Number of protein chains: 2
Amino acid sequence: MSAIADVARLAGVAKATASRALSGRGYVSDETRQKVVAAAALIGYVASPNAASLVTGRTQSVGVIIPFISRWFFSEILESLEQSLLAQGYDMTLYNLPTHSVERERVFDFFLARKRFDGVISVGVELSDDEVTQLHRLGRPLVGIGGEIPGVHTIAIDDVATARLATEHLLSLGHTDIRHVGGDQIDQMDFAVHTKRLTGFNAAMRAAGHSTDDGFSACAFTVPGGYEAGLALFGDPRRRPTAVFAASDEIAVGLIIAARELGIQIPTELSVIGIDGHPYAEMFRLTTIEQHPRHQARMAVDWLLSALEQPSTVGTAQLTRVPTNLVMRSSTSAPR
Amino acid sequence: MSAIADVARLAGVAKATASRALSGRGYVSDETRQKVVAAAALIGYVASPNAASLVTGRTQSVGVIIPFISRWFFSEILESLEQSLLAQGYDMTLYNLPTHSVERERVFDFFLARKRFDGVISVGVELSDDEVTQLHRLGRPLVGIGGEIPGVHTIAIDDVATARLATEHLLSLGHTDIRHVGGDQIDQMDFAVHTKRLTGFNAAMRAAGHSTDDGFSACAFTVPGGYEAGLALFGDPRRRPTAVFAASDEIAVGLIIAARELGIQIPTELSVIGIDGHPYAEMFRLTTIEQHPRHQARMAVDWLLSALEQPSTVGTAQLTRVPTNLVMRSSTSAPR
DNA sequence: ATGAAAGCGCTAACAC
DNA sequence: GTGTTAGCGCTTTCAT
């Protein structure tokens, strides 16, 4: 509607002065600023971000690419990213990129190429070298959450160590017949999360002198996934483990639901531990390892925004490990 | 990087011709188009949407305002919106607006006023008259999902009728001692969804000649919320209903978990019905009423994009009721 | 069917 | 401190 020229005319100054007064950049006398601000308020002036972007190259918005929206960890990240960005005056443009998707190429070649963002946050997406190069060529800072990407600043937990910690907790209680129920090893999430958690489990088991043969069951990374796996795994009492390390709280909850349905007592007959810090953990009194998604999200935004202010930081790509911590609840105990 | 001038030079034509060839608007000979397209591909030209927006007024992006990200219904809507919009070449900018939030004013006055979108989709947000006026003044189409807003085209289910249908199912099985467990009547979601579902419940109960005194328990609209309510409601066997209508599948699942923990058999001692179509419904064999979020999302996008093509449609604000349907599973049966 | 030129609304240099 | 001027990269009349 109204342009900055209208504001300038009304305030009796030049466009440039009006621009300086409103943006805060450059020298303007207090008196003039007041006039300009009043004039702008009077006619309800709102700057056109397009026009500003065209000349400054900044868009005041951040692109987020993420493979899931509805899974707890990711929606938690998303919510936190949105809040942090909004608080700093940034819009958040969302690209939902399922792992094995035909959209992926399109998002990179078409949507991201449009450069409608000042930076990109990649959540749980393992970018290929080509994709990183492509993104870097756009000259915009890039932050990853969820796993190491060469040349990209990243916030992530240590999946192997976390899985080892979970397993060690069960071992320390005296369990020896422990299973790992986690994501399928073929149909992986990015960053080989499934493999890393299995690796941590196997390492802990072997270090304690236990076999890892037949120690793993695959399932979908969801409550129903854990439920299905639980029905299959606990069906035969003779082959039932005394403890299970689930690769996520969702899976752990599904396992517990299945166990209860089969009449198995938690934790006297079966101990279960998960990873995440999901709100359901409380309800199921699930022992779990928290990975603080909101904290990770805030760190990512902080880094991105500071990289925007100090473009020198661009070379500083490094991996920040976020500590995870064990929260004990009564889903685990010593084997009887 | 490269601008349209580069493409034009390389193809040996004027900027205007290059623009026409690439955008598809206006007359260009096939031969010329080919040359231009080849030149663009050669130097990896991508049009600057900012510059284009500045002159066309179109941004090729849509703003979405939504109160929750992690609740199933909303994340399902979000995922579907994103897919539909992406498929049509639109970016999606997300504004997460918790119901009682201080951010709300800021989003309207600052973020939405920037007009960085061609249209707005409001999901589960009951816009005030002022907000609608404000949005309409921006001259952009607006579509709502979740409840009637005067002057705004809306996609919604009939909450009262849906709640009545759910209650009638329990009544038709022969239940007379039925409770409704739903959202708090003071701390409402937008569109008074909590009240509407309670209203539908009360209407069905009274129509069948049953009292509605003491027939309602409030809880959070989540699985843990339903769980808490269930522990409280089912604790005393003497006051236990034979059936419960839960205002959402999440609540219903929480109730079932609580009931099982208390040793109550579903459905022989207690029948439960919910609303949503949540993926957990299958696992808990929950009878539910589906409300098809993805369908609603697609309808909203379709309407918005057609309104963008035919601005005449602007006056056509109307309420489209999305049909809901009962899916019977074994969480309900006749009272014994 | 194509080219030349104007201008979308803003900010950044450079004068004063 | 403030005004003038020159574009940012594109689309769109208006000529031709």
# chains A, B, ... in the order shown; residues from 1 in each chain; ligands from 1
$ closest_atom_pairs --of "range 47-122 of chain A" --to "range 173-188 of chain A" --cutoff "12 Å" --atoms "only C-alpha atoms" --output "Markdown table"
| residue | atom | partner | partner_atom | distance |
| --- | --- | --- | --- | --- |
| A:Pro98 | CA | A:Gln188 | CA | 11.7 |
| A:Thr99 | CA | A:Gln188 | CA | 8.6 |
| A:His100 | CA | A:Asp187 | CA | 9.3 |
$ residues_around --residues "DC8 in chain C" --least-positions-apart "6" --cutoff "12 Å" --atoms "only C-alpha atoms (C1' of nucleotides)" --output "list in words"
Ala3, Ser48, Asn50, Ala51, Ala52 and Leu54 of chain A; Asn50, Ala51, Ala52, Ser53, Leu54, Val55, Thr56, Gly57 and Arg58 of chain B; DC8, DG9, DC10, DT11 and DT12 of chain D
$ residues_around --residues "Phe110 in chain A" --least-positions-apart "5" --cutoff "10 Å" --atoms "only C-alpha atoms (C1' of nucleotides)" --output "PDB file with all heavy atoms, in the first residue's frame"
ATOM      1  N   ARG A 104      13.246 -34.784  -2.905  1.00  0.00           N
ATOM      2  CA  ARG A 104      14.517 -34.271  -2.411  1.00  0.00           C
ATOM      3  C   ARG A 104      15.271 -33.448  -3.457  1.00  0.00           C
ATOM      4  O   ARG A 104      15.693 -32.331  -3.191  1.00  0.00           O
ATOM      5  CB  ARG A 104      15.375 -35.444  -1.934  1.00  0.00           C
ATOM      6  CG  ARG A 104      16.670 -35.015  -1.302  1.00  0.00           C
ATOM      7  CD  ARG A 104      17.204 -36.109  -0.424  1.00  0.00           C
ATOM      8  NE  ARG A 104      18.495 -35.755   0.127  1.00  0.00           N
ATOM      9  CZ  ARG A 104      18.965 -36.230   1.268  1.00  0.00           C
ATOM     10  NH1 ARG A 104      18.236 -37.062   1.958  1.00  0.00           N
ATOM     11  NH2 ARG A 104      20.149 -35.876   1.702  1.00  0.00           N
ATOM     12  N   GLU A 105      15.411 -34.012  -4.616  1.00  0.00           N
ATOM     13  CA  GLU A 105      16.150 -33.324  -5.666  1.00  0.00           C
ATOM     14  C   GLU A 105      15.476 -32.005  -6.015  1.00  0.00           C
ATOM     15  O   GLU A 105      16.117 -30.971  -6.178  1.00  0.00           O
ATOM     16  CB  GLU A 105      16.223 -34.228  -6.895  1.00  0.00           C
ATOM     17  CG  GLU A 105      17.344 -33.863  -7.836  1.00  0.00           C
ATOM     18  CD  GLU A 105      17.353 -34.782  -9.052  1.00  0.00           C
ATOM     19  OE1 GLU A 105      16.851 -35.937  -8.930  1.00  0.00           O
ATOM     20  OE2 GLU A 105      17.827 -34.363 -10.109  1.00  0.00           O
ATOM     21  N   LYS A 115      17.069 -19.279  -3.078  1.00  0.00           N
ATOM     22  CA  LYS A 115      17.750 -18.465  -2.064  1.00  0.00           C
ATOM     23  C   LYS A 115      16.832 -17.520  -1.303  1.00  0.00           C
ATOM     24  O   LYS A 115      17.147 -16.354  -1.122  1.00  0.00           O
ATOM     25  CB  LYS A 115      18.868 -17.647  -2.723  1.00  0.00           C
ATOM     26  CG  LYS A 115      19.904 -18.491  -3.404  1.00  0.00           C
ATOM     27  CD  LYS A 115      21.219 -17.756  -3.488  1.00  0.00           C
ATOM     28  CE  LYS A 115      21.197 -16.681  -4.564  1.00  0.00           C
ATOM     29  NZ  LYS A 115      22.539 -16.160  -4.837  1.00  0.00           N
TER      30      LYS A 115
ATOM     31  N   VAL B  46      18.953 -19.292 -11.987  1.00  0.00           N
ATOM     32  CA  VAL B  46      17.721 -19.427 -11.199  1.00  0.00           C
ATOM     33  C   VAL B  46      17.200 -18.021 -10.945  1.00  0.00           C
ATOM     34  O   VAL B  46      17.901 -17.168 -10.418  1.00  0.00           O
ATOM     35  CB  VAL B  46      17.975 -20.108  -9.844  1.00  0.00           C
ATOM     36  CG1 VAL B  46      16.682 -20.190  -9.042  1.00  0.00           C
ATOM     37  CG2 VAL B  46      18.555 -21.491 -10.042  1.00  0.00           C
ATOM     38  N   ALA B  47      15.955 -17.792 -11.326  1.00  0.00           N
ATOM     39  CA  ALA B  47      15.363 -16.463 -11.190  1.00  0.00           C
ATOM     40  C   ALA B  47      15.328 -16.033  -9.733  1.00  0.00           C
ATOM     41  O   ALA B  47      15.133 -16.852  -8.842  1.00  0.00           O
ATOM     42  CB  ALA B  47      13.965 -16.459 -11.772  1.00  0.00           C
ATOM     43  N   GLY B  89       4.716 -25.750  -6.267  1.00  0.00           N
ATOM     44  CA  GLY B  89       5.771 -24.747  -6.374  1.00  0.00           C
ATOM     45  C   GLY B  89       5.716 -23.662  -5.321  1.00  0.00           C
ATOM     46  O   GLY B  89       6.379 -22.635  -5.453  1.00  0.00           O
TER      47      GLY B  89
END
$ interface_residues --of "chain A" --to "chain B" --cutoff "7 Å" --atoms "only C-alpha atoms" --output "JSON, numbers by chain"
{"A": [46, 47, 48, 49, 50, 51, 53, 54, 69, 70, 72, 75, 76, 79, 82, 91, 92, 93, 94, 96, 113, 114, 224, 280, 283]}
$ select_by_dssp --residues "range 55-248 of chain A" --states "alpha helix (DSSP H)" --output "PyMOL selection string"
chain A and resi 55-56+72-87+103-106+129-137+159-172+193-207+223-234
$ select_by_dssp --residues "range 261-311 of chain B" --states "strand (DSSP E)" --output "ChimeraX atom specification"
/B:271-276,287-290
$ interface_residues --of "chain B" --to "chain C" --cutoff "7 Å" --atoms "only C-alpha atoms (C1' of nucleotides)" --output "PDB file with all heavy atoms, in the first residue's frame"
ATOM      1  N   ALA B  14      16.954 -10.114 -25.988  1.00  0.00           N
ATOM      2  CA  ALA B  14      16.785  -9.073 -24.983  1.00  0.00           C
ATOM      3  C   ALA B  14      16.316  -9.679 -23.665  1.00  0.00           C
ATOM      4  O   ALA B  14      15.755 -10.781 -23.647  1.00  0.00           O
ATOM      5  CB  ALA B  14      15.779  -8.031 -25.445  1.00  0.00           C
ATOM      6  N   THR B  17      12.715 -10.810 -23.699  1.00  0.00           N
ATOM      7  CA  THR B  17      12.458 -12.073 -24.407  1.00  0.00           C
ATOM      8  C   THR B  17      12.860 -13.251 -23.539  1.00  0.00           C
ATOM      9  O   THR B  17      12.135 -14.248 -23.440  1.00  0.00           O
ATOM     10  CB  THR B  17      13.259 -12.114 -25.720  1.00  0.00           C
ATOM     11  OG1 THR B  17      12.945 -10.945 -26.465  1.00  0.00           O
ATOM     12  CG2 THR B  17      12.898 -13.336 -26.514  1.00  0.00           C
ATOM     13  N   TYR B  27       4.401 -14.093 -26.026  1.00  0.00           N
ATOM     14  CA  TYR B  27       4.759 -14.831 -27.234  1.00  0.00           C
ATOM     15  C   TYR B  27       6.256 -14.927 -27.431  1.00  0.00           C
ATOM     16  O   TYR B  27       6.965 -13.938 -27.398  1.00  0.00           O
ATOM     17  CB  TYR B  27       4.142 -14.155 -28.462  1.00  0.00           C
ATOM     18  CG  TYR B  27       2.640 -14.103 -28.409  1.00  0.00           C
ATOM     19  CD1 TYR B  27       1.980 -12.978 -27.949  1.00  0.00           C
ATOM     20  CD2 TYR B  27       1.888 -15.206 -28.825  1.00  0.00           C
ATOM     21  CE1 TYR B  27       0.602 -12.931 -27.897  1.00  0.00           C
ATOM     22  CE2 TYR B  27       0.511 -15.171 -28.768  1.00  0.00           C
ATOM     23  CZ  TYR B  27      -0.131 -14.027 -28.301  1.00  0.00           C
ATOM     24  OH  TYR B  27      -1.496 -13.997 -28.247  1.00  0.00           O
ATOM     25  N   VAL B  28       6.720 -16.131 -27.626  1.00  0.00           N
ATOM     26  CA  VAL B  28       8.114 -16.372 -27.980  1.00  0.00           C
ATOM     27  C   VAL B  28       8.125 -17.510 -28.993  1.00  0.00           C
ATOM     28  O   VAL B  28       7.375 -18.480 -28.842  1.00  0.00           O
ATOM     29  CB  VAL B  28       8.944 -16.793 -26.751  1.00  0.00           C
ATOM     30  CG1 VAL B  28      10.420 -16.866 -27.112  1.00  0.00           C
ATOM     31  CG2 VAL B  28       8.732 -15.851 -25.591  1.00  0.00           C
ATOM     32  N   SER B  29       8.938 -17.390 -29.992  1.00  0.00           N
ATOM     33  CA  SER B  29       9.009 -18.484 -30.976  1.00  0.00           C
ATOM     34  C   SER B  29       9.681 -19.681 -30.316  1.00  0.00           C
ATOM     35  O   SER B  29      10.502 -19.528 -29.414  1.00  0.00           O
ATOM     36  CB  SER B  29       9.807 -18.042 -32.204  1.00  0.00           C
ATOM     37  OG  SER B  29      11.186 -17.958 -31.876  1.00  0.00           O
ATOM     38  N   LEU B  54       8.701  -8.311  -6.485  1.00  0.00           N
ATOM     39  CA  LEU B  54       8.646  -6.860  -6.396  1.00  0.00           C
ATOM     40  C   LEU B  54       7.765  -6.286  -7.494  1.00  0.00           C
ATOM     41  O   LEU B  54       7.008  -5.341  -7.271  1.00  0.00           O
ATOM     42  CB  LEU B  54      10.061  -6.291  -6.517  1.00  0.00           C
ATOM     43  CG  LEU B  54      10.229  -4.840  -6.123  1.00  0.00           C
ATOM     44  CD1 LEU B  54       9.713  -4.625  -4.712  1.00  0.00           C
ATOM     45  CD2 LEU B  54      11.696  -4.452  -6.215  1.00  0.00           C
ATOM     46  N   VAL B  55       7.841  -6.898  -8.653  1.00  0.00           N
ATOM     47  CA  VAL B  55       7.048  -6.357  -9.748  1.00  0.00           C
ATOM     48  C   VAL B  55       5.693  -7.047  -9.906  1.00  0.00           C
ATOM     49  O   VAL B  55       4.702  -6.403 -10.221  1.00  0.00           O
ATOM     50  CB  VAL B  55       7.867  -6.357 -11.061  1.00  0.00           C
ATOM     51  CG1 VAL B  55       8.624  -7.639 -11.219  1.00  0.00           C
ATOM     52  CG2 VAL B  55       6.996  -6.113 -12.262  1.00  0.00           C
TER      53      VAL B  55
END
$ interface_residues --of "chain D" --to "chain A" --cutoff "10 Å" --atoms "only C-alpha atoms (C1' of nucleotides)" --output "list in words"
DG1, DT2, DG3, DT4, DG7, DC8 and DG9 of chain D
$ write_last_selection --atoms "all heavy atoms" --output "CSV table (one decimal), in the first residue's frame"
chain,number,residue,atom,x,y,z
D,1,DG,P,25.1,13.9,14.2
D,1,DG,OP1,24.8,13.3,15.5
D,1,DG,OP2,26.2,13.2,13.4
D,1,DG,O5',24.0,13.8,13.1
D,1,DG,C5',22.7,13.9,13.3
D,1,DG,C4',22.2,14.8,12.2
D,1,DG,O4',23.2,15.2,11.2
D,1,DG,C3',21.1,14.1,11.4
D,1,DG,O3',20.1,15.0,11.1
D,1,DG,C2',21.9,13.6,10.1
D,1,DG,C1',22.9,14.7,9.9
D,1,DG,N9,24.1,14.2,9.3
D,1,DG,C8,25.0,13.2,9.8
D,1,DG,N7,26.0,13.0,9.1
D,1,DG,C5,25.8,13.9,8.0
D,1,DG,C6,26.7,14.1,6.9
D,1,DG,O6,27.7,13.5,6.6
D,1,DG,N1,26.1,15.1,6.0
D,1,DG,C2,25.0,15.8,6.3
D,1,DG,N2,24.6,16.7,5.4
D,1,DG,N3,24.2,15.6,7.4
D,1,DG,C4,24.7,14.6,8.2
D,2,DT,P,18.7,14.6,10.7
D,2,DT,OP1,17.8,15.7,11.1
D,2,DT,OP2,18.6,13.2,11.1
D,2,DT,O5',18.8,14.7,9.1
D,2,DT,C5',18.8,16.0,8.5
D,2,DT,C4',19.1,15.9,7.0
D,2,DT,O4',20.4,15.3,6.9
D,2,DT,C3',18.2,15.0,6.2
D,2,DT,O3',17.5,15.9,5.3
D,2,DT,C2',19.1,14.1,5.4
D,2,DT,C1',20.5,14.7,5.6
D,2,DT,N1,21.6,13.8,5.6
D,2,DT,C2,22.5,13.9,4.5
D,2,DT,O2,22.4,14.7,3.6
D,2,DT,N3,23.6,13.0,4.6
D,2,DT,C4,23.8,12.1,5.6
D,2,DT,O4,24.8,11.3,5.6
D,2,DT,C5,22.8,12.0,6.7
D,2,DT,C7,23.0,11.0,7.8
D,2,DT,C6,21.8,12.9,6.6
D,3,DG,P,16.4,15.5,4.4
D,3,DG,OP1,15.3,16.5,4.3
D,3,DG,OP2,16.1,14.0,4.7
D,3,DG,O5',17.1,15.5,3.0
D,3,DG,C5',17.6,16.8,2.5
D,3,DG,C4',18.3,16.7,1.2
D,3,DG,O4',19.5,15.8,1.5
D,3,DG,C3',17.5,16.0,0.1
D,3,DG,O3',17.8,16.6,-1.1
D,3,DG,C2',18.1,14.6,0.1
D,3,DG,C1',19.6,14.8,0.5
D,3,DG,N9,20.2,13.6,1.2
D,3,DG,C8,19.7,13.0,2.3
D,3,DG,N7,20.5,12.0,2.7
D,3,DG,C5,21.5,12.0,1.8
D,3,DG,C6,22.6,11.1,1.7
D,3,DG,O6,23.0,10.2,2.4
D,3,DG,N1,23.5,11.5,0.6
D,3,DG,C2,23.2,12.5,-0.3
D,3,DG,N2,24.1,12.7,-1.3
D,3,DG,N3,22.1,13.3,-0.2
D,3,DG,C4,21.3,13.0,0.8
D,4,DT,P,17.0,16.3,-2.4
D,4,DT,OP1,16.3,17.5,-2.9
D,4,DT,OP2,16.1,15.1,-2.1
D,4,DT,O5',18.1,15.9,-3.5
D,4,DT,C5',19.5,16.0,-3.2
D,4,DT,C4',20.3,15.3,-4.2
D,4,DT,O4',21.0,14.2,-3.6
D,4,DT,C3',19.5,14.7,-5.4
D,4,DT,O3',20.3,14.8,-6.5
D,4,DT,C2',19.3,13.2,-4.9
D,4,DT,C1',20.6,13.0,-4.2
D,4,DT,N1,20.6,11.9,-3.1
D,4,DT,C2,21.6,11.0,-3.0
D,4,DT,O2,22.6,11.0,-3.8
D,4,DT,N3,21.5,10.1,-2.0
D,4,DT,C4,20.4,10.0,-1.1
D,4,DT,O4,20.4,9.2,-0.2
D,4,DT,C5,19.4,11.0,-1.3
D,4,DT,C7,18.2,11.0,-0.4
D,4,DT,C6,19.5,11.9,-2.3
D,7,DG,P,24.4,2.8,-11.5
D,7,DG,OP1,25.1,1.6,-11.0
D,7,DG,OP2,24.9,3.6,-12.6
D,7,DG,O5',22.8,2.5,-11.8
D,7,DG,C5',22.4,1.2,-11.8
D,7,DG,C4',22.5,0.5,-10.5
D,7,DG,O4',21.9,1.3,-9.5
D,7,DG,C3',21.8,-0.9,-10.5
D,7,DG,O3',22.6,-1.8,-9.9
D,7,DG,C2',20.6,-0.6,-9.7
D,7,DG,C1',20.9,0.6,-8.8
D,7,DG,N9,19.7,1.4,-8.6
D,7,DG,C8,19.2,2.3,-9.5
D,7,DG,N7,18.1,2.9,-9.0
D,7,DG,C5,17.9,2.3,-7.8
D,7,DG,C6,16.9,2.5,-6.8
D,7,DG,O6,15.9,3.3,-6.9
D,7,DG,N1,17.1,1.7,-5.7
D,7,DG,C2,18.1,0.8,-5.5
D,7,DG,N2,18.2,0.1,-4.4
D,7,DG,N3,19.1,0.6,-6.4
D,7,DG,C4,18.9,1.4,-7.5
D,8,DC,P,22.7,-3.3,-10.5
D,8,DC,OP1,24.1,-3.6,-10.6
D,8,DC,OP2,21.8,-3.3,-11.7
D,8,DC,O5',22.0,-4.2,-9.5
D,8,DC,C5',22.5,-4.5,-8.2
D,8,DC,C4',21.5,-5.1,-7.3
D,8,DC,O4',20.6,-4.1,-6.9
D,8,DC,C3',20.6,-6.1,-8.1
D,8,DC,O3',21.1,-7.4,-7.8
D,8,DC,C2',19.2,-5.9,-7.5
D,8,DC,C1',19.3,-4.6,-6.8
D,8,DC,N1,18.4,-3.5,-7.3
D,8,DC,C2,17.5,-2.8,-6.5
D,8,DC,O2,17.4,-3.2,-5.3
D,8,DC,N3,16.7,-1.9,-7.0
D,8,DC,C4,16.8,-1.5,-8.3
D,8,DC,N4,16.0,-0.6,-8.8
D,8,DC,C5,17.7,-2.2,-9.2
D,8,DC,C6,18.5,-3.2,-8.7
D,9,DG,P,21.6,-8.3,-9.0
D,9,DG,OP1,22.3,-9.5,-8.4
D,9,DG,OP2,22.2,-7.5,-10.0
D,9,DG,O5',20.2,-8.8,-9.6
D,9,DG,C5',19.3,-9.6,-8.8
D,9,DG,C4',18.0,-9.7,-9.5
D,9,DG,O4',17.4,-8.4,-9.6
D,9,DG,C3',18.1,-10.2,-11.0
D,9,DG,O3',17.2,-11.3,-11.1
D,9,DG,C2',17.7,-9.0,-11.8
D,9,DG,C1',16.8,-8.3,-10.9
D,9,DG,N9,16.7,-6.9,-11.1
D,9,DG,C8,17.6,-6.0,-11.6
D,9,DG,N7,17.3,-4.8,-11.7
D,9,DG,C5,15.9,-4.8,-11.2
D,9,DG,C6,15.0,-3.7,-11.1
D,9,DG,O6,15.2,-2.5,-11.4
D,9,DG,N1,13.8,-4.2,-10.6
D,9,DG,C2,13.5,-5.5,-10.3
D,9,DG,N2,12.3,-5.8,-9.8
D,9,DG,N3,14.4,-6.5,-10.4
D,9,DG,C4,15.6,-6.1,-10.9
$ atom_distance --atom1 "CA of Phe221 in chain B" --atom2 "CA of His194 in chain B"
9.5 Å
$ residues_around --residues "range 159-172 of chain B" --least-positions-apart "2" --cutoff "6 Å" --atoms "only C-alpha atoms (C1' of nucleotides)" --output "number ranges by chain"
B: 157, 174-175, 196-197, 200-201, 204
$ write_last_selection --atoms "all heavy atoms" --output "mmCIF file, in the first residue's frame"
data_model
loop_
_atom_site.group_PDB
_atom_site.id
_atom_site.type_symbol
_atom_site.label_atom_id
_atom_site.label_comp_id
_atom_site.auth_asym_id
_atom_site.auth_seq_id
_atom_site.Cartn_x
_atom_site.Cartn_y
_atom_site.Cartn_z
ATOM 1 N N ILE B 157 -14.993 -30.106 10.342
ATOM 2 C CA ILE B 157 -15.951 -31.156 10.647
ATOM 3 C C ILE B 157 -17.047 -30.535 11.520
ATOM 4 O O ILE B 157 -16.895 -29.412 11.995
ATOM 5 C CB ILE B 157 -15.314 -32.338 11.405
ATOM 6 C CG1 ILE B 157 -14.840 -31.896 12.806
ATOM 7 C CG2 ILE B 157 -14.157 -32.917 10.619
ATOM 8 C CD1 ILE B 157 -14.525 -33.073 13.712
ATOM 9 N N GLY B 174 -26.331 -50.255 24.211
ATOM 10 C CA GLY B 174 -27.076 -50.544 25.432
ATOM 11 C C GLY B 174 -26.518 -49.882 26.683
ATOM 12 O O GLY B 174 -27.035 -50.066 27.785
ATOM 13 N N HIS B 175 -25.465 -49.105 26.522
ATOM 14 C CA HIS B 175 -24.891 -48.426 27.682
ATOM 15 C C HIS B 175 -25.802 -47.295 28.149
ATOM 16 O O HIS B 175 -26.473 -46.643 27.342
ATOM 17 C CB HIS B 175 -23.509 -47.841 27.344
ATOM 18 C CG HIS B 175 -22.475 -48.887 27.107
ATOM 19 N ND1 HIS B 175 -21.787 -49.500 28.119
ATOM 20 C CD2 HIS B 175 -22.031 -49.445 25.948
ATOM 21 C CE1 HIS B 175 -20.945 -50.384 27.615
ATOM 22 N NE2 HIS B 175 -21.079 -50.378 26.298
ATOM 23 N N LYS B 196 -18.120 -27.897 22.208
ATOM 24 C CA LYS B 196 -18.942 -28.520 21.167
ATOM 25 C C LYS B 196 -19.041 -30.022 21.369
ATOM 26 O O LYS B 196 -20.105 -30.611 21.200
ATOM 27 C CB LYS B 196 -18.373 -28.212 19.782
ATOM 28 C CG LYS B 196 -18.657 -26.785 19.332
ATOM 29 C CD LYS B 196 -18.049 -26.523 17.977
ATOM 30 C CE LYS B 196 -18.242 -25.056 17.578
ATOM 31 N NZ LYS B 196 -17.270 -24.654 16.558
ATOM 32 N N ARG B 197 -17.934 -30.634 21.729
ATOM 33 C CA ARG B 197 -17.973 -32.095 21.895
ATOM 34 C C ARG B 197 -18.798 -32.458 23.135
ATOM 35 O O ARG B 197 -19.538 -33.439 23.124
ATOM 36 C CB ARG B 197 -16.556 -32.673 21.924
ATOM 37 C CG ARG B 197 -15.861 -32.392 20.587
ATOM 38 C CD ARG B 197 -14.617 -33.179 20.298
ATOM 39 N NE ARG B 197 -14.127 -32.774 18.954
ATOM 40 C CZ ARG B 197 -12.981 -33.131 18.409
ATOM 41 N NH1 ARG B 197 -12.164 -33.938 19.067
ATOM 42 N NH2 ARG B 197 -12.629 -32.734 17.198
ATOM 43 N N GLY B 200 -22.476 -32.054 22.123
ATOM 44 C CA GLY B 200 -22.971 -33.191 21.347
ATOM 45 C C GLY B 200 -23.241 -34.394 22.254
ATOM 46 O O GLY B 200 -24.247 -35.105 22.094
ATOM 47 N N PHE B 201 -22.345 -34.608 23.198
ATOM 48 C CA PHE B 201 -22.508 -35.701 24.159
ATOM 49 C C PHE B 201 -23.785 -35.512 24.979
ATOM 50 O O PHE B 201 -24.631 -36.406 25.060
ATOM 51 C CB PHE B 201 -21.286 -35.738 25.083
ATOM 52 C CG PHE B 201 -21.451 -36.617 26.289
ATOM 53 C CD1 PHE B 201 -21.401 -37.998 26.179
ATOM 54 C CD2 PHE B 201 -21.649 -36.049 27.546
ATOM 55 C CE1 PHE B 201 -21.547 -38.809 27.303
ATOM 56 C CE2 PHE B 201 -21.791 -36.850 28.672
ATOM 57 C CZ PHE B 201 -21.746 -38.242 28.546
ATOM 58 N N ALA B 204 -26.997 -36.066 22.960
ATOM 59 C CA ALA B 204 -27.319 -37.472 22.712
ATOM 60 C C ALA B 204 -27.836 -38.140 23.985
ATOM 61 O O ALA B 204 -28.783 -38.929 23.947
ATOM 62 C CB ALA B 204 -26.073 -38.202 22.195
#
$ atom_distance --atom1 "CA of Ala334 in chain A" --atom2 "CA of Ala203 in chain A"
21.0 Å
$ atom_distance --atom1 "CA of Val253 in chain A" --atom2 "CA of Ala232 in chain A"
15.1 Å
$ closest_residue --among "B:Asp6, B:Glu148, B:Glu126, B:Asp213" --to "Arg321 in chain B" --atoms "only C-alpha atoms"
B:Glu148
$ residues_around --residues "Gly119 in chain B" --least-positions-apart "3" --cutoff "6 Å" --atoms "only C-alpha atoms (C1' of nucleotides)" --output "list in words"
Val62, Arg140, Pro141 and Leu142 of chain B
$ write_last_selection --atoms "N, CA, C and O atoms" --output "mmCIF file, in the first residue's frame"
data_model
loop_
_atom_site.group_PDB
_atom_site.id
_atom_site.type_symbol
_atom_site.label_atom_id
_atom_site.label_comp_id
_atom_site.auth_asym_id
_atom_site.auth_seq_id
_atom_site.Cartn_x
_atom_site.Cartn_y
_atom_site.Cartn_z
ATOM 1 N N VAL B 62 3.120 -19.500 0.852
ATOM 2 C CA VAL B 62 1.877 -19.475 1.612
ATOM 3 C C VAL B 62 2.206 -19.501 3.098
ATOM 4 O O VAL B 62 3.087 -20.244 3.534
ATOM 5 N N ARG B 140 -5.088 -10.686 0.417
ATOM 6 C CA ARG B 140 -4.656 -12.046 0.091
ATOM 7 C C ARG B 140 -5.748 -13.015 0.512
ATOM 8 O O ARG B 140 -6.374 -12.816 1.553
ATOM 9 N N PRO B 141 -5.957 -14.071 -0.272
ATOM 10 C CA PRO B 141 -6.975 -15.033 0.139
ATOM 11 C C PRO B 141 -6.592 -15.732 1.441
ATOM 12 O O PRO B 141 -5.414 -15.858 1.780
ATOM 13 N N LEU B 142 -7.602 -16.156 2.142
ATOM 14 C CA LEU B 142 -7.455 -16.712 3.474
ATOM 15 C C LEU B 142 -8.398 -17.895 3.593
ATOM 16 O O LEU B 142 -9.566 -17.798 3.229
#
$ residues_around --residues "Ile256 in chain A" --least-positions-apart "5" --cutoff "9 Å" --atoms "only C-alpha atoms (C1' of nucleotides)" --output "number ranges by chain"
A: 226-227, 230, 251, 261, 264, 266, 270, 272, 284, 331
